[in-house]
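**Student:** Supplied structure: target34.csv, CSV, C-alpha atoms and all ligand atoms.
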chain,number,residue,atom,x,y,z
D,1060,MET,CA,-6.7,1.1,6.2
D,1061,LYS,CA,-9.3,-1.5,5.2
D,1062,ALA,CA,-9.0,-3.0,1.7
D,1063,ASN,CA,-10.9,-5.6,-0.2
D,1064,LEU,CA,-8.3,-7.6,-2.2
D,1065,VAL,CA,-9.3,-10.2,-4.7
D,1066,LEU,CA,-6.7,-13.0,-5.4
D,1067,LEU,CA,-6.7,-14.8,-8.7
D,1068,PRO,CA,-3.9,-17.4,-8.4
D,1069,GLY,CA,-4.7,-19.0,-11.7
D,1070,ASP,CA,-2.7,-21.8,-13.2
D,1071,GLY,CA,0.8,-23.3,-13.2
D,1072,ILE,CA,3.2,-21.4,-10.9
D,1073,GLY,CA,0.5,-18.7,-10.3
D,1074,PRO,CA,-0.7,-20.2,-7.0
D,1075,GLU,CA,2.9,-20.6,-5.8
D,1076,THR,CA,4.0,-17.0,-6.5
D,1077,THR,CA,0.7,-15.5,-5.4
D,1078,ALA,CA,1.0,-17.2,-2.0
D,1079,ALA,CA,4.4,-15.5,-1.6
D,1080,ALA,CA,2.9,-12.1,-2.4
D,1081,VAL,CA,0.0,-12.7,0.0
D,1082,ALA,CA,2.4,-13.7,2.8
D,1083,VAL,CA,4.2,-10.4,2.3
D,1084,LEU,CA,1.0,-8.4,2.2
D,1085,ARG,CA,-0.2,-10.0,5.5
D,1086,ALA,CA,3.1,-9.1,7.1
D,1087,ILE,CA,2.7,-5.5,6.0
D,1088,ALA,CA,-0.9,-5.5,7.2
D,1089,THR,CA,0.1,-6.8,10.7
D,1090,ARG,CA,3.0,-4.3,11.0
D,1091,HIS,CA,0.9,-1.3,10.0
D,1092,ALA,CA,-2.5,-2.4,11.4
D,1093,HIS,CA,-4.2,-2.5,8.0
D,1094,ASP,CA,-7.2,-4.6,7.6
D,1095,PHE,CA,-6.7,-6.4,4.3
D,1096,VAL,CA,-9.5,-8.8,3.4
D,1097,PHE,CA,-8.5,-11.4,0.9
D,1098,THR,CA,-11.0,-13.3,-1.3
D,1099,GLU,CA,-9.9,-15.9,-3.7
D,1100,HIS,CA,-11.5,-16.6,-7.1
D,1101,ALA,CA,-10.9,-18.8,-10.1
D,1102,ILE,CA,-9.6,-17.6,-13.5
D,1103,GLY,CA,-8.0,-19.2,-16.5
D,1104,GLY,CA,-7.6,-23.0,-17.0
D,1105,CYS,CA,-8.6,-23.9,-13.4
D,1106,ALA,CA,-11.8,-21.9,-13.9
D,1107,ILE,CA,-12.5,-23.6,-17.2
D,1108,ASP,CA,-12.2,-27.0,-15.4
D,1109,ALA,CA,-14.5,-25.9,-12.6
D,1110,THR,CA,-17.1,-23.9,-14.4
D,1111,GLY,CA,-16.5,-24.1,-18.2
D,1112,ALA,CA,-15.7,-20.4,-18.4
D,1113,ALA,CA,-12.2,-18.8,-18.3
D,1114,LEU,CA,-13.7,-15.7,-16.5
D,1115,PRO,CA,-16.6,-16.9,-14.4
D,1116,ALA,CA,-19.3,-14.4,-13.6
D,1117,ALA,CA,-18.6,-14.6,-9.9
D,1118,THR,CA,-14.9,-13.8,-10.5
D,1119,ARG,CA,-15.7,-10.8,-12.7
D,1120,ALA,CA,-18.2,-9.4,-10.2
D,1121,ALA,CA,-15.8,-9.8,-7.3
D,1122,CYS,CA,-13.0,-8.0,-9.2
D,1123,LEU,CA,-15.4,-5.1,-10.1
D,1124,GLN,CA,-16.1,-4.7,-6.4
D,1125,ALA,CA,-12.5,-5.0,-5.2
D,1126,ASP,CA,-10.1,-2.2,-4.2
D,1127,ALA,CA,-7.4,-4.2,-6.1
D,1128,VAL,CA,-6.9,-7.5,-7.8
D,1129,LEU,CA,-3.7,-9.7,-7.5
D,1130,LEU,CA,-3.3,-12.2,-10.3
D,1131,GLY,CA,-0.8,-15.1,-10.7
D,1132,ALA,CA,-0.9,-16.4,-14.2
D,1133,VAL,CA,-3.2,-18.3,-16.6
D,1134,GLY,CA,-2.7,-21.0,-19.2
D,1135,GLY,CA,-0.8,-24.1,-19.8
D,1136,PRO,CA,-0.6,-27.1,-22.1
D,1137,LYS,CA,-3.7,-28.7,-20.8
D,1138,TRP,CA,-5.8,-25.9,-22.4
D,1139,SER,CA,-3.6,-25.1,-25.4
D,1140,ASP,CA,-5.0,-27.5,-27.9
D,1141,PRO,CA,-6.2,-25.3,-30.9
D,1142,ALA,CA,-9.5,-27.2,-30.8
D,1143,THR,CA,-10.2,-26.2,-27.2
D,1144,PRO,CA,-13.1,-23.7,-27.4
D,1145,ALA,CA,-12.4,-21.8,-24.1
D,1146,ARG,CA,-8.9,-20.3,-23.7
D,1147,PRO,CA,-7.5,-19.4,-20.3
D,1148,GLU,CA,-5.7,-16.4,-21.8
D,1149,GLN,CA,-9.1,-15.1,-23.1
D,1150,GLY,CA,-10.3,-14.9,-19.5
D,1151,LEU,CA,-7.5,-12.6,-18.6
D,1152,LEU,CA,-8.1,-10.4,-21.6
D,1153,GLN,CA,-11.8,-10.2,-20.7
D,1154,LEU,CA,-10.9,-9.2,-17.1
D,1155,ARG,CA,-8.5,-6.5,-18.3
D,1156,ALA,CA,-11.3,-5.1,-20.5
D,1157,ALA,CA,-14.0,-5.4,-17.7
D,1158,LEU,CA,-11.7,-3.5,-15.3
D,1159,GLY,CA,-10.9,-0.9,-18.0
D,1160,VAL,CA,-7.2,-1.1,-17.1
D,1161,PHE,CA,-5.8,0.4,-20.3
D,1162,ALA,CA,-2.3,1.3,-19.0
D,1163,ASN,CA,0.0,-1.6,-18.0
D,1164,LEU,CA,3.0,-0.2,-16.1
D,1165,ARG,CA,6.0,-2.5,-16.2
D,1166,PRO,CA,9.0,-1.1,-14.4
D,1167,VAL,CA,12.4,-2.5,-15.1
D,1168,ARG,CA,15.2,-2.0,-12.6
D,1169,VAL,CA,18.5,-3.8,-12.6
D,1170,HIS,CA,19.7,-5.0,-9.2
D,1171,PRO,CA,23.6,-5.3,-9.3
D,1172,ARG,CA,23.4,-9.0,-8.1
D,1173,ALA,CA,21.0,-9.9,-10.9
D,1174,ALA,CA,23.0,-7.8,-13.4
D,1175,ALA,CA,26.0,-9.9,-12.8
D,1176,LEU,CA,24.0,-12.8,-14.2
D,1177,SER,CA,22.6,-11.0,-17.2
D,1178,PRO,CA,24.1,-11.8,-20.6
D,1179,ILE,CA,24.3,-8.0,-21.2
D,1180,LYS,CA,27.6,-6.3,-20.6
D,1181,PRO,CA,27.7,-4.7,-17.1
D,1182,GLU,CA,28.7,-1.3,-18.4
D,1183,ARG,CA,25.5,-1.2,-20.5
D,1184,LEU,CA,23.4,-2.0,-17.5
D,1185,ALA,CA,24.7,0.8,-15.3
D,1186,GLY,CA,21.9,3.2,-14.5
D,1187,VAL,CA,19.1,1.3,-16.3
D,1188,ASP,CA,15.7,2.4,-14.9
D,1189,LEU,CA,12.9,1.9,-17.3
D,1190,LEU,CA,9.2,2.2,-17.1
D,1191,PHE,CA,7.2,0.6,-19.9
D,1192,VAL,CA,3.7,1.8,-20.4
D,1193,ARG,CA,1.9,-0.8,-22.5
D,1194,GLU,CA,-1.5,-0.2,-23.9
D,1195,LEU,CA,-3.5,-3.1,-22.5
D,1196,THR,CA,-7.1,-3.1,-23.7
D,1197,GLY,CA,-6.9,-2.5,-27.5
D,1198,GLY,CA,-5.0,-3.5,-30.6
D,1199,SER,CA,-4.7,-7.0,-32.0
D,1200,TYR,CA,-5.5,-8.8,-28.7
D,1201,PHE,CA,-9.0,-7.4,-28.9
D,1202,GLY,CA,-9.7,-7.1,-32.6
D,1203,ALA,CA,-12.0,-9.4,-34.6
D,1204,ARG,CA,-10.5,-12.8,-35.4
D,1205,THR,CA,-11.3,-14.9,-38.5
D,1206,ARG,CA,-10.4,-18.4,-39.4
D,1207,ASP,CA,-11.2,-20.7,-42.3
D,1208,ALA,CA,-9.4,-23.7,-43.7
D,1209,ALA,CA,-6.9,-21.6,-45.7
D,1210,SER,CA,-6.4,-18.4,-43.8
D,1211,ALA,CA,-6.7,-16.6,-40.5
D,1212,SER,CA,-6.7,-12.9,-39.5
D,1213,ASP,CA,-6.4,-10.8,-36.3
D,1214,GLU,CA,-7.6,-7.2,-36.7
D,1215,CYS,CA,-5.5,-4.5,-35.1
D,1216,ARG,CA,-7.7,-1.5,-34.5
D,1217,TYR,CA,-7.0,1.6,-32.3
D,1218,THR,CA,-9.2,4.6,-31.7
D,1219,VAL,CA,-7.7,8.1,-31.0
D,1220,VAL,CA,-9.2,7.9,-27.6
D,1221,GLU,CA,-7.5,4.6,-26.8
D,1222,ILE,CA,-4.1,5.9,-28.0
D,1223,GLU,CA,-4.4,9.4,-26.4
D,1224,ARG,CA,-5.3,8.2,-22.9
D,1225,VAL,CA,-2.3,5.8,-22.6
D,1226,LEU,CA,0.0,8.4,-24.1
D,1227,ARG,CA,-1.2,11.0,-21.5
D,1228,ARG,CA,-0.5,8.4,-18.8
D,1229,ALA,CA,3.0,7.9,-20.0
D,1230,PHE,CA,3.7,11.7,-20.2
D,1231,ASP,CA,2.2,12.2,-16.7
D,1232,LEU,CA,4.5,9.5,-15.4
D,1233,ALA,CA,7.5,10.9,-17.2
D,1234,ARG,CA,7.0,14.2,-15.3
D,1235,GLY,CA,7.7,12.4,-12.1
D,1236,ARG,CA,10.8,10.7,-13.5
D,1237,ARG,CA,13.5,11.9,-15.9
D,1238,GLY,CA,11.1,13.6,-18.3
D,1239,ARG,CA,11.7,11.5,-21.4
D,1240,VAL,CA,9.1,9.5,-23.4
D,1241,THR,CA,10.0,7.1,-26.2
D,1242,SER,CA,6.9,6.2,-28.2
D,1243,ILE,CA,7.4,2.9,-30.0
D,1244,ASP,CA,5.5,2.1,-33.2
D,1245,LYS,CA,5.8,0.7,-36.7
D,1246,ALA,CA,4.7,3.9,-38.5
D,1247,ASN,CA,6.8,3.1,-41.6
D,1248,VAL,CA,4.2,0.3,-42.3
D,1249,LEU,CA,1.1,0.2,-40.1
D,1250,GLU,CA,-1.8,2.6,-40.3
D,1251,THR,CA,-2.5,2.1,-36.5
D,1252,SER,CA,1.1,3.2,-35.9
D,1253,ARG,CA,0.7,6.3,-38.0
D,1254,LEU,CA,-2.3,7.3,-36.0
D,1255,TRP,CA,-0.3,6.5,-32.8
D,1256,ARG,CA,2.6,8.7,-33.9
D,1257,GLU,CA,0.3,11.6,-34.9
D,1258,THR,CA,-1.4,11.4,-31.6
D,1259,ALA,CA,1.9,11.3,-29.7
D,1260,VAL,CA,3.0,14.5,-31.4
D,1261,ARG,CA,-0.3,16.2,-30.6
D,1262,VAL,CA,-0.3,15.1,-26.9
D,1263,ALA,CA,3.4,16.1,-26.5
D,1264,ALA,CA,2.4,19.8,-27.2
D,1265,ASP,CA,0.7,19.7,-23.8
D,1266,TYR,CA,3.9,18.5,-22.1
D,1267,PRO,CA,6.6,21.0,-23.1
D,1268,ASP,CA,8.7,19.9,-20.1
D,1269,VAL,CA,8.8,16.3,-21.4
D,1270,VAL,CA,11.0,15.2,-24.3
D,1271,LEU,CA,9.3,12.9,-26.9
D,1272,GLU,CA,11.2,10.7,-29.3
D,1273,HIS,CA,9.8,8.1,-31.7
D,1274,GLN,CA,11.4,4.7,-32.3
D,1275,LEU,CA,10.4,2.0,-34.7
D,1276,VAL,CA,9.7,-1.2,-32.8
D,1277,ASP,CA,12.2,-3.4,-34.7
D,1278,SER,CA,15.2,-1.1,-34.0
D,1279,MET,CA,13.9,-0.6,-30.5
D,1280,ALA,CA,14.2,-4.3,-29.9
D,1281,MET,CA,17.9,-4.0,-30.6
D,1282,LEU,CA,18.5,-0.7,-28.8
D,1283,LEU,CA,16.9,-2.1,-25.6
D,1284,LEU,CA,19.8,-4.5,-25.3
D,1285,THR,CA,22.6,-2.2,-26.6
D,1286,ARG,CA,21.7,1.2,-25.0
D,1287,PRO,CA,19.1,0.4,-22.3
D,1288,ALA,CA,20.4,3.2,-20.0
D,1289,ASP,CA,19.4,5.8,-22.6
D,1290,TYR,CA,15.6,5.3,-22.0
D,1291,ASP,CA,13.2,6.5,-19.4
D,1292,VAL,CA,9.5,5.9,-20.1
D,1293,LEU,CA,8.7,3.7,-23.1
D,1294,VAL,CA,5.1,3.7,-24.3
D,1295,THR,CA,3.7,1.4,-26.9
D,1296,GLU,CA,0.8,-0.6,-28.2
D,1297,ASN,CA,-0.4,-3.9,-26.7
D,1298,LEU,CA,1.4,-6.5,-28.8
D,1299,PHE,CA,4.7,-4.6,-29.0
D,1300,GLY,CA,4.7,-3.9,-25.3
D,1301,ASP,CA,4.1,-7.6,-24.5
D,1302,ILE,CA,7.1,-8.7,-26.5
D,1303,LEU,CA,9.5,-5.9,-25.6
D,1304,THR,CA,8.9,-6.3,-21.9
D,1305,ASP,CA,9.8,-10.0,-21.9
D,1306,GLU,CA,12.9,-8.9,-23.8
D,1307,ALA,CA,13.6,-6.3,-21.1
D,1308,ALA,CA,13.5,-9.0,-18.5
D,1309,VAL,CA,16.9,-10.1,-19.9
D,1310,LEU,CA,18.3,-6.8,-18.7
D,1311,ALA,CA,16.9,-7.4,-15.2
D,1312,GLY,CA,18.4,-10.9,-15.2
D,1313,SER,CA,15.2,-13.0,-15.2
D,1314,LEU,CA,11.5,-12.9,-16.3
D,1315,GLY,CA,10.7,-14.0,-12.7
D,1316,LEU,CA,11.7,-10.6,-11.4
D,1317,LEU,CA,9.4,-8.2,-13.2
D,1318,PRO,CA,6.1,-6.9,-11.7
D,1319,SER,CA,3.3,-5.0,-13.4
D,1320,ALA,CA,0.4,-2.7,-12.5
D,1321,SER,CA,-2.6,-2.4,-14.8
D,1322,LEU,CA,-4.5,0.8,-14.2
D,1323,GLY,CA,-7.5,2.7,-15.7
D,1324,ASP,CA,-9.0,6.0,-14.7
D,1325,GLY,CA,-9.8,5.1,-11.1
D,1326,ARG,CA,-7.7,3.6,-8.3
D,1327,ARG,CA,-8.7,0.0,-8.7
D,1328,GLY,CA,-5.9,-1.9,-10.4
D,1329,LEU,CA,-4.9,-5.4,-11.6
D,1330,TYR,CA,-1.5,-6.5,-10.4
D,1331,GLU,CA,0.5,-9.4,-11.9
D,1332,PRO,CA,4.0,-10.5,-12.6
D,1333,ILE,CA,4.8,-10.2,-16.3
D,1334,HIS,CA,5.7,-13.9,-16.6
D,1335,GLY,CA,3.2,-16.6,-17.5
D,1336,SER,CA,2.3,-19.9,-15.8
D,1337,ALA,CA,5.7,-21.5,-16.5
D,1338,PRO,CA,4.3,-25.0,-16.9
D,1339,ASP,CA,7.9,-26.4,-17.2
D,1340,ILE,CA,8.6,-25.6,-13.5
D,1341,ALA,CA,5.0,-25.6,-12.0
D,1342,GLY,CA,4.4,-27.5,-8.7
D,1343,ARG,CA,8.2,-27.9,-8.0
D,1344,GLY,CA,8.5,-25.1,-5.5
D,1345,VAL,CA,11.3,-23.4,-7.5
D,1346,ALA,CA,9.4,-20.5,-9.1
D,1347,ASN,CA,10.9,-17.0,-8.4
D,1348,PRO,CA,8.2,-15.1,-6.5
D,1349,ILE,CA,9.9,-11.7,-6.7
D,1350,GLY,CA,7.8,-10.5,-9.7
D,1351,SER,CA,4.6,-11.3,-7.7
D,1352,ILE,CA,6.0,-9.8,-4.5
D,1353,LEU,CA,6.9,-6.6,-6.3
D,1354,SER,CA,3.5,-6.5,-7.9
D,1355,ALA,CA,2.0,-6.5,-4.4
D,1356,ALA,CA,4.2,-3.5,-3.7
D,1357,LEU,CA,2.8,-1.8,-6.8
D,1358,LEU,CA,-0.7,-2.6,-5.5
D,1359,LEU,CA,0.0,-0.8,-2.2
D,1360,ARG,CA,1.4,2.2,-4.1
D,1361,HIS,CA,-1.1,2.6,-6.9
D,1362,SER,CA,-4.4,1.3,-5.5
D,1363,LEU,CA,-4.1,1.9,-1.8
D,1364,GLY,CA,-1.8,4.9,-1.8
D,1365,LEU,CA,0.5,3.2,0.8
D,1366,GLU,CA,3.8,4.5,-0.7
D,1367,SER,CA,6.0,3.8,2.4
D,1368,GLU,CA,4.7,0.3,2.7
D,1369,ALA,CA,5.4,-0.3,-1.0
D,1370,ARG,CA,9.0,1.0,-0.5
D,1371,GLU,CA,9.4,-1.3,2.5
D,1372,ILE,CA,8.7,-4.3,0.2
D,1373,GLU,CA,11.0,-3.1,-2.5
D,1374,VAL,CA,13.8,-2.4,0.0
D,1375,ALA,CA,13.3,-5.9,1.5
D,1376,VAL,CA,13.6,-7.5,-1.9
D,1377,ASP,CA,16.8,-5.6,-2.6
D,1378,ALA,CA,18.2,-6.7,0.7
D,1379,VAL,CA,17.5,-10.4,-0.2
D,1380,LEU,CA,19.3,-10.0,-3.5
D,1381,ASP,CA,22.1,-8.0,-1.8
D,1382,ALA,CA,22.6,-11.0,0.6
D,1383,ASN,CA,23.0,-13.2,-2.5
D,1384,GLU,CA,19.9,-15.2,-1.6
D,1385,LEU,CA,19.1,-16.2,-5.2
D,1386,PRO,CA,16.3,-18.3,-6.8
D,1387,ARG,CA,17.2,-20.8,-9.4
D,1388,ASP,CA,16.4,-18.6,-12.4
D,1389,LEU,CA,19.2,-16.3,-11.1
D,1390,GLY,CA,21.6,-19.2,-10.7
D,1391,GLY,CA,21.0,-19.8,-7.0
D,1392,GLN,CA,19.5,-22.6,-5.0
D,1393,ALA,CA,16.7,-20.9,-3.1
D,1394,GLY,CA,13.1,-22.2,-3.7
D,1395,THR,CA,9.9,-20.1,-3.7
D,1396,GLN,CA,9.4,-20.5,0.0
D,1397,ASP,CA,13.1,-19.7,0.8
D,1398,ILE,CA,12.8,-16.4,-1.1
D,1399,THR,CA,9.5,-15.6,0.6
D,1400,ALA,CA,10.9,-16.4,4.0
D,1401,ALA,CA,14.0,-14.2,3.2
D,1402,VAL,CA,11.8,-11.3,2.2
D,1403,LEU,CA,9.7,-11.7,5.3
D,1404,ALA,CA,12.9,-11.8,7.4
D,1405,ALA,CA,14.2,-8.6,5.7
D,1406,LEU,CA,10.9,-6.9,6.4
D,1407,ALA,CA,10.9,-8.0,10.1
D,1408,HIS,CA,14.5,-6.8,10.4
D,1409,SER,CA,13.6,-3.3,9.0
D,1410,HIS,CA,10.6,-3.1,11.3
D,1411,ALA,CA,12.8,-4.0,14.3
D,1412,ALA,CA,15.3,-1.4,13.3
D,1413,GLN,CA,12.6,1.2,12.9
D,1414,ALA,CA,11.2,0.3,16.3
D,1415,ALA,CA,14.6,0.7,17.9
D,1416,ALA,CA,15.3,4.0,16.3
D,1501,LIG,N1,-0.3,-13.0,-17.6
D,1501,LIG,C1,-0.4,-14.3,-17.8
D,1501,LIG,O1,-1.2,-15.0,-17.2
D,1501,LIG,C2,0.4,-14.9,-18.9
D,1501,LIG,C3,0.2,-16.2,-19.3
D,1501,LIG,N2,1.0,-16.8,-20.2
D,1501,LIG,C4,0.7,-18.2,-20.5
D,1501,LIG,O2,1.6,-19.0,-19.7
D,1501,LIG,C5,1.9,-20.2,-20.4
D,1501,LIG,C6,3.3,-20.5,-20.5
D,1501,LIG,O3,3.9,-19.5,-21.4
D,1501,LIG,P1,5.5,-19.4,-21.7
D,1501,LIG,O4,5.6,-18.9,-23.1
D,1501,LIG,O5,6.2,-20.6,-21.3
D,1501,LIG,O6,5.9,-18.2,-20.8
D,1501,LIG,P2,6.3,-18.1,-19.2
D,1501,LIG,O7,6.5,-16.7,-18.9
D,1501,LIG,O8,5.3,-18.9,-18.5
D,1501,LIG,O9,7.7,-18.9,-19.1
D,1501,LIG,C7,8.8,-18.6,-19.9
D,1501,LIG,C8,10.1,-19.2,-19.3
D,1501,LIG,O10,10.4,-18.4,-18.1
D,1501,LIG,C9,10.4,-19.2,-17.0
D,1501,LIG,N3,9.8,-18.5,-15.9
D,1501,LIG,C10,8.7,-17.7,-16.0
D,1501,LIG,N4,8.3,-17.2,-14.8
D,1501,LIG,C11,9.2,-17.7,-13.9
D,1501,LIG,C12,9.4,-17.5,-12.5
D,1501,LIG,N5,8.6,-16.8,-11.8
D,1501,LIG,N6,10.5,-18.1,-11.9
D,1501,LIG,C13,11.4,-18.9,-12.7
D,1501,LIG,N7,11.2,-19.0,-14.0
D,1501,LIG,C14,10.2,-18.5,-14.6
D,1501,LIG,C15,9.6,-20.4,-17.3
D,1501,LIG,O11,10.0,-21.5,-16.5
D,1501,LIG,C16,9.9,-20.6,-18.8
D,1501,LIG,O12,11.1,-21.3,-19.0
D,1501,LIG,C17,1.1,-20.1,-21.7
D,1501,LIG,O13,-0.1,-20.8,-21.6
D,1501,LIG,C18,0.9,-18.6,-21.9
D,1501,LIG,O14,-0.2,-18.3,-22.7
D,1501,LIG,C19,2.1,-16.2,-20.7
D,1501,LIG,C20,2.4,-14.9,-20.4
D,1501,LIG,C21,1.5,-14.1,-19.5
D,1502,LIG,C1,-3.0,-12.5,-22.3
D,1502,LIG,C2,-1.6,-12.7,-21.9
D,1502,LIG,C3,-1.3,-14.2,-21.9
D,1502,LIG,C4,-0.7,-11.9,-22.7
D,1502,LIG,C5,0.7,-11.8,-22.1
D,1502,LIG,O1,1.6,-12.5,-22.4
D,1502,LIG,C6,0.9,-10.7,-21.1
D,1502,LIG,O2,0.0,-9.9,-20.8
D,1502,LIG,O3,2.1,-10.6,-20.7
D,1503,MG,MG,3.5,-11.5,-21.9
Output the structure of this file as structure tokens.
Ligand SMILES: NC(=O)C1=CN([C@@H]2O[C@H](COP(=O)(O)OP(=O)(O)OC[C@H]3O[C@@H](n4cnc5c(N)ncnc54)[C@H](O)[C@@H]3O)[C@@H](O)[C@H]2O)C=CC1
Ligand SMILES: CC(C)CC(=O)C(=O)O
Ligand SMILES: [Mg+2]

**Tutor:**
Amino acid sequence: MKANLVLLPGDGIGPETTAAAVAVLRAIATRHAHDFVFTEHAIGGCAIDATGAALPAATRAACLQADAVLLGAVGGPKWSDPATPARPEQGLLQLRAALGVFANLRPVRVHPRAAALSPIKPERLAGVDLLFVRELTGGSYFGARTRDAASASDECRYTVVEIERVLRRAFDLARGRRGRVTSIDKANVLETSRLWRETAVRVAADYPDVVLEHQLVDSMAMLLLTRPADYDVLVTENLFGDILTDEAAVLAGSLGLLPSASLGDGRRGLYEPIHGSAPDIAGRGVANPIGSILSAALLLRHSLGLESEAREIEVAVDAVLDANELPRDLGGQAGTQDITAAVLAALAHSHAAQAAA
């Protein structure tokens, strides 16, 4: 298969973790005779430095032409001064909107090796297999902002169309899983959440085979850590999903492990680990690349339809953790390149085993 893949390494650890994911994609391409053409573009702080814009026109145009986009992370202290007019994070929001990727899938699985390092009791982690579906192009990240000397505001606005399409995506995904959707809102206070809940009830009528429950976001934040195995698909608005998924990383053992796929109506997607640019460890070769590598697996699955290649990567990552080859955020000594080399070795091992069979 020929595929045009745009790489946006971005800032901080983004270039380090993206290089790891690209090495894995190249290995998969070689093994399966796929023709993946990689083109790199700037986004975020590095793009501001180079062009003055967080999402340069050339980057935007390339992404709109791509089969899929793989992003590292954006942002960092250099561009965080409140007086800075261009924000790296704004470039990412603009890209998500331009691509129309309204559904951000964030799977959370708990590998036993990582679970042993989680602060959560092991018996609570048994069987945890979550899929967050976070609304990605609406809500307070995209509402009008105001600021004067004495006050500031961020509008949170949702249309029925925006809510319904992401809920339908969650219900569709639940059908291929354990058939349970938990819709998370703050309907006891927020009008957007009341609209969200009403819409969820209406959409659920079209999915009699899927069980819908509602959960208020504050208690959900607690239940996620106390009863994580009780949940299947969790769907929520942009801000709540951003926060709850970083919290869910505690279940998995580290923020560095979790991937994401951002999808719209078509096959083109934006793939990125859920973590940020981690300026505290950038440039030291210690970032955990697994979130990026697993995002590459999601790219193969969702944008290119290469399910078995995606599974190969996921199995290889599991094999590395099984072998106790752990990055520093999981208490080990392995650097970014060590983990990358270990995943490539696990892939080569499985390819050799397949060839011998
Ligand atoms: N998608 C994106 O591009 C995102 C960008 N950001 C930006 O990143 C910058 C830093 O934000 P923070 O709040 O510090 O969040 P962060 O996710 O970058 O880091 C939080 C903590 O997790 C650690 N961490 C994150 N990824 C890791 C990895 N792969 N391996 C090992 N440790 C890892 C970091 O070292 C840090 O201690 C900010 O400018 C923020 O706006 C934050 C989240 C998402
Ligand atoms: C715009 C991003 C920095 C927001 C974020 O933290 C995320 O999408 O995970
Ligand atoms: Mg986040």

**Student:** Throw together the list of residues within 9 Å of ligand LIG 1502 (chain D), counting only C-alpha atoms and all ligand atoms, and drop it here as a list in words.

**Tutor:** Ala1132, Val1133, Gly1134, Pro1147, Glu1148, Gln1149, Gly1150, Leu1151, Leu1152, Asn1163, Leu1195, Tyr1200, Asn1297, Leu1298, Gly1300, Asp1301, Ile1302, Thr1304, Asp1305, Glu1331, Pro1332, Ile1333, His1334 and Gly1335 of chain D

**Student:** I'd like the interatomic distance between atom C11 of ligand LIG 1501 (chain D) and atom CA of D:Val1065, to a tenth of an Å.

**Tutor:**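 Atom-to-atom, atom C11 of ligand LIG 1501 (chain D) to atom CA of D:Val1065, that is 22.0 Å.
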
**Student:** Name the closest residue to ligand LIG 1501 (chain D) among the candidates D:Ala1157, D:Val1240, D:Leu1130, D:Leu1271; distances are taken between atoms, counting all atoms listed in the file.

**Tutor:** D:Leu1130

**Student:** Using only C-alpha atoms and all ligand atoms for the distances, tell me which of D:Leu1314, D:Ala1173, D:Ala1121, D:Leu1114 is nearest to ligand MG 1503 (chain D).

**Tutor:**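 Going through D:Leu1314, D:Ala1173, D:Ala1121, D:Leu1114 one by one, the smallest distance to ligand MG 1503 (chain D) is for D:Leu1314.
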
**Student:** So which residues touch D:Asp1213 within 10 Å, counting all atoms listed in the file, skipping near sequence neighbours fewer than 3 positions away, as a PyMOL selection string?

**Tutor:** chain D and resi 1198-1206+1216

**Student:** Could you jot down the atom CA of D:Ala1346 to atom CA of D:Arg1286 separation for me, Å, one decimal place?

**Tutor:** 29.6 Å

**Student:** What is the atom CA of D:Ser1278-atom CA of D:Ile1243 distance in Å, reported with one decimal?

**Tutor:**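 Separation between atom CA of D:Ser1278 and atom CA of D:Ile1243: 9.6 Å.
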
**Student:** Which of these, D:Asp1291, D:Glu1250, D:Glu1214, D:Asp1207, has the shortest distance to D:Leu1232 once you count all atoms listed in the file?

**Tutor:**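 Of D:Asp1291, D:Glu1250, D:Glu1214, D:Asp1207, the one nearest D:Leu1232, counting all atoms listed in the file, is D:Asp1291.
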
**Student:** Between D:Arg1261, D:Arg1370, D:Arg1387, D:Arg1256, which residue has the minimum interatomic distance to D:Leu1406, considering all atoms listed in the file?

**Tutor:**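 Among the listed residues, the smallest separation from D:Leu1406 belongs to D:Arg1370.
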
**Student:** Any idea what's packed within 8 Å of stretch 1349-1354 of chain D, counting all atoms listed in the file, ignoring anything in its chain fewer than 4 positions away? Could you give it as a list in words?

**Tutor:**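 Here the qualifying residues turn out to be Thr1076, Thr1077, Ala1079, Ala1080, Val1083, Leu1129, Gly1131, Leu1314, Gly1315, Leu1316, Leu1317, Pro1318, Ser1319, Ala1320, Tyr1330, Glu1331, Pro1332, Ile1333, His1334, Leu1358, Ile1372, Glu1373, Val1376 and Ile1398 of chain D.
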
**Student:** Give me a file of those residues, with C-alpha atoms, as a compact mmCIF listing (two decimals), in the frame of the given file.

**Tutor:**
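This went into result_0.txt:
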# COMPACT_ATOMS: atom_id res chain seq x y z
CA THR D 1076 4.00 -17.00 -6.50
CA THR D 1077 0.70 -15.50 -5.40
CA ALA D 1079 4.40 -15.50 -1.60
CA ALA D 1080 2.90 -12.10 -2.40
CA VAL D 1083 4.20 -10.40 2.30
CA LEU D 1129 -3.70 -9.70 -7.50
CA GLY D 1131 -0.80 -15.10 -10.70
CA LEU D 1314 11.50 -12.90 -16.30
CA GLY D 1315 10.70 -14.00 -12.70
CA LEU D 1316 11.70 -10.60 -11.40
CA LEU D 1317 9.40 -8.20 -13.20
CA PRO D 1318 6.10 -6.90 -11.70
CA SER D 1319 3.30 -5.00 -13.40
CA ALA D 1320 0.40 -2.70 -12.50
CA TYR D 1330 -1.50 -6.50 -10.40
CA GLU D 1331 0.50 -9.40 -11.90
CA PRO D 1332 4.00 -10.50 -12.60
CA ILE D 1333 4.80 -10.20 -16.30
CA HIS D 1334 5.70 -13.90 -16.60
CA LEU D 1358 -0.70 -2.60 -5.50
CA ILE D 1372 8.70 -4.30 0.20
CA GLU D 1373 11.00 -3.10 -2.50
CA VAL D 1376 13.60 -7.50 -1.90
CA ILE D 1398 12.80 -16.40 -1.10
